[in-house]
Amino acid sequence: MGNVQSSLPTYYNADPTNEAYTHSLSNYVDLASSAIGAKVVKASNEKFGLAANLIKPEAPKKKKGFDAWVTRRHNPETDWAVVQLGSAGTVAGFDIDTRGLDGEHASQVSIQGCLAPKGSHVNGNGDIDGAEWEELLPQVDISANSHHLLALWTATKNPYNYVRLVLHPDGGVARLRILGTVIANPEATGEIDLACVTAGARVVKASDEKLGAKENLILPSRATADCAETQGWKTRRSRSDDSSDWAIVRLGEPGFLTRIELDTLTFDGDQPVSASVQACFTDLDNPERDSECFWYQIVPRIELNGNKLHKVDVTLNDVPFSHIKLVIHPDGGVSRLRAFGQRVEEIEKEAAREKAEAAEEAALAEELGLDSSEPATDTEPKAPVETKKPAESSLDKLVAAKKARKQKQERKKKSAEGTKKSAEKEQFSSQSGEIIQSLTSPLPSKKRTRTRSHVEDDTDASVDSQAKRSRRKPKSRTNAAQL
């Protein structure tokens, strides 16, 4: 059940100075960023600032009003905001940002999480029907104008896709980062972007990210000019044509790659001159720590144009890879990197399924005394030329046997249906015979005043006589009387 509770603290401050360039949470994904599809579902109060500000990817800005979620004062209980994460994932820590809030920040906060279907209804108490909130971060003190990088001693084992931030009792928080690892969708099939953050990919390392974060390379949507913080990965000017920069991406899952896409949208004039892509396979998170890891060139060095999507087929698509490395020459910016392919696990499942089907056919062939693995042999005595038929292979015999079995089952089914229809017909015939017998039997003698002859039937031309005969429905009764 989430994070194990004990008398010991479940978290620690990953950056006490608020000045560290890297820390224990640096390589985790912000699951609560709107850049990967997160959204605020509901909040108890938004009197002075919208809760949607919590999930903005950019840093808080100084402006008129609050670039933060700020509630009214004197709350007798607590305020809360429920966020649906962009992707389900395990949680490793939190970044609670109060920059821009001095005197308006919350004094204490806590965070809870749950796993529920997307689009679940949140009621007026901040609860989700059928889901139970689990404590991820206990009630902690926070300060004004500060980052609070709180890392869990042990990342959660269970994944979550909803979190609830609780203010004790009220106040404001500028940004909320839920840092963790994306759980890839196991139902994804066919060719997918294995280098996308929502597929579980992560940028392990980059040579430089002075002007644009490396994590932007694997965001799901194309870059926009509205948000400079998510436009792409951009390095500083190198001042040398011989230099290069690089970024290493760990794919969501190992796969067979078929196509690479390099997108320079929003970069026109500051895109790299050229770029190439390499790939490798290793079990380690960072390939640089694997001395036996070998980088294969899967995309040769190509020229890059500004504001353009470059699609290149992979030259080595029959080898599985776990990492790719984008190399740019000499420097510049790339907005997105895509690596399309099929997961190794999916291909292995397909192979296992085909093997099982082959084994089933082999068992059926053995049952019928056939061998589908051997080539066709003509074991029958040769017939005269005019009546000779082409020899059937073992596979043909197997197919014929299957067809005969199917026809036999159909004949059984038709026979059962015929038996049922015959019984119904016999019952109907019996009932019909009774009705016909009742209609054709002679009338009682007391109703017959006289015997009619053929002459009377043929010569009786009166209207009254014809009307009487027309009222007699079955003619068979008249014929029976004449007999």
# chains A, B, ... in the order shown; residues from 1 in each chain; ligands from 1
>>> residues_around(residues="range 257-261 of chain A", least_positions_apart="2", cutoff="12 Å", atoms="only C-alpha atoms", output="count of residues only")
58
>>> closest_residue(among="A:Ala35, A:Ala131, A:Val173, A:Val203", to="Gln231 in chain A", atoms="only C-alpha atoms")
A:Ala35
>>> residues_around(residues="range 147-160 of chain A", least_positions_apart="2", cutoff="8 Å", atoms="only C-alpha atoms", output="ChimeraX atom specification")
/A:1-3,10-16,18,24-25,88-99,113-115,142,145,162-163,180,183
>>> select_by_dssp(residues="range 203-351 of chain A", states="strand (DSSP E)", output="PyMOL selection string")
chain A and resi 203-206+233-234+245-263+274-280+296-303+309-313+320-329+333-334+336-343
>>> residues_around(residues="Leu167 in chain A", least_positions_apart="3", cutoff="6 Å", atoms="only C-alpha atoms", output="VMD selection string")
chain A and resid 78 to 79 109 170
>>> residues_around(residues="Glu292 in chain A", least_positions_apart="4", cutoff="10 Å", atoms="only C-alpha atoms", output="count of residues only")
4
>>> atom_distance(atom1="CA of Leu179 in chain A", atom2="CA of Asp331 in chain A")
29.3 Å
>>> atom_distance(atom1="CA of Asn305 in chain A", atom2="CA of Leu211 in chain A")
19.3 Å
